[in-house]
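Participant: Sharing a structure, written as structure tokens. Questions coming.
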Amino acid sequence: MSRGKPNWQPISKLPLIGPMIDGLLEETEKQCQNLQSIRATPQLLDNYTIGGILEVYSEQAGDLWLFEEQLFRWKSLDLTPAQRHEIERLANQLAIIRERIATILSLAQEWKQGLIETVLAKGALERSLEFPLGKQKPN
């Protein structure tokens, strides 16, 4: 979405844009919940997975301004009460999406240090010393 000049849509496209934002919120909420559910065992994630999360959600975060700008442009129009309400609802959805993406990116950055490749690369002696020092939980 971030490539080229944006093609701003007329207000008649609100019924098309609304479900796109709702779908993005649903997907982002689901991914955020999935990642929070594995918070205790992030070392099970590999470099490829974490890299993919960082790439996809960084791009999504960078593209949110397009939706925000579209809604801003529509707000300046002579709108029906229903259109104004829908635009406000979608603006609130975008704020939640931005928060969830920030959480996802924060978790992924945090977990880069505990990737399975990092754990496997440690020597047996180093791993055995971590357990008595309280750095590693027993299985």
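Chains: A, B, ... in order of the structure tokens. Residues: from 1 per chain. Ligands: from 1, in order shown.
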If we count only C-alpha atoms and set the cut-off at 8 Å, which residues sit around segment 87-89 of chain A, ignoring sequence neighbours fewer than 6 positions away in its own chain? Please answer as a PyMOL selection string.
Facilitator: chain A and resi 71+74-75
Participant: Between atom CA of Leu14 of chain A and atom CA of Thr80 of chain A, what is the spacing in Å?
Facilitator: 12.1 Å
Participant: Just want the 10 Å neighbourhood of Ile17 of chain A, counted on only C-alpha atoms, with same-chain residues fewer than 5 positions away dropped. Output as a VMD selection string.
Facilitator: chain A and resid 9 11 to 12 22 to 23 67 70 to 71 87 90
Participant: Rounded to one decimal, what separation in Å do you get between atom CA of Leu94 of chain A and atom CA of Asp46 of chain A?
Facilitator: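 So the answer is 29.6 Å.
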Participant: With only C-alpha atoms as the counted atoms, please give the residues lying no more than 12 Å from Trp65 of chain A, apart from itself and same-chain residues fewer than 3 positions off, as a PyMOL selection string.
Facilitator: chain A and resi 1-2+6+59-62+68-73+91+94-95+97-98
Participant: Limited to C-alpha atoms, could you put the picked residues into a file as a PDB file, in the first residue's frame?
Facilitator:
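result.pdb was written with the following content:
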ATOM      1  CA  MET A   1       0.000   0.000   0.000  1.00  0.00           C
ATOM      2  CA  SER A   2       2.805   2.424   0.710  1.00  0.00           C
ATOM      3  CA  PRO A   6      -2.393   7.169  -2.858  1.00  0.00           C
ATOM      4  CA  GLU A  59       4.901  -2.609   7.025  1.00  0.00           C
ATOM      5  CA  GLN A  60       1.351  -2.582   8.349  1.00  0.00           C
ATOM      6  CA  ALA A  61       2.267   0.062  10.910  1.00  0.00           C
ATOM      7  CA  GLY A  62       3.754   2.155   8.119  1.00  0.00           C
ATOM      8  CA  GLU A  68      -6.149   7.571   8.748  1.00  0.00           C
ATOM      9  CA  GLU A  69      -5.690  10.146   6.001  1.00  0.00           C
ATOM     10  CA  GLN A  70      -8.633   8.752   4.040  1.00  0.00           C
ATOM     11  CA  LEU A  71     -10.877   9.063   7.077  1.00  0.00           C
ATOM     12  CA  PHE A  72      -9.564  12.565   7.771  1.00  0.00           C
ATOM     13  CA  ARG A  73     -10.393  13.614   4.221  1.00  0.00           C
ATOM     14  CA  ALA A  91     -10.956   5.934  13.450  1.00  0.00           C
ATOM     15  CA  LEU A  94      -7.414   2.253  13.687  1.00  0.00           C
ATOM     16  CA  ALA A  95      -6.220   3.491  17.085  1.00  0.00           C
ATOM     17  CA  ILE A  97      -4.916  -1.549  15.496  1.00  0.00           C
ATOM     18  CA  ARG A  98      -1.971   0.803  16.020  1.00  0.00           C
TER      19      ARG A  98
END
Participant: Nearest to Gln36 of chain A among A:Leu64, A:Leu105, A:Trp8, A:Leu77, with distances taken over only C-alpha atoms: which residue is it?
Facilitator: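 Of the candidates, the smallest distance to Gln36 of chain A is held by A:Leu105.
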Participant: Given the choices A:Glu99, A:Glu86, A:Asp63, A:Glu110, which gets closest to Gly18 of chain A if the distance is worked out from only C-alpha atoms?
Facilitator: A:Glu86
Participant: If we count only C-alpha atoms and set the cut-off at 12 Å, which residues sit around Gln33 of chain A, ignoring sequence neighbours fewer than 5 positions away in its own chain? Please answer as a ChimeraX atom specification.
Facilitator: /A:26-28,38-39,100-101,103-104,107
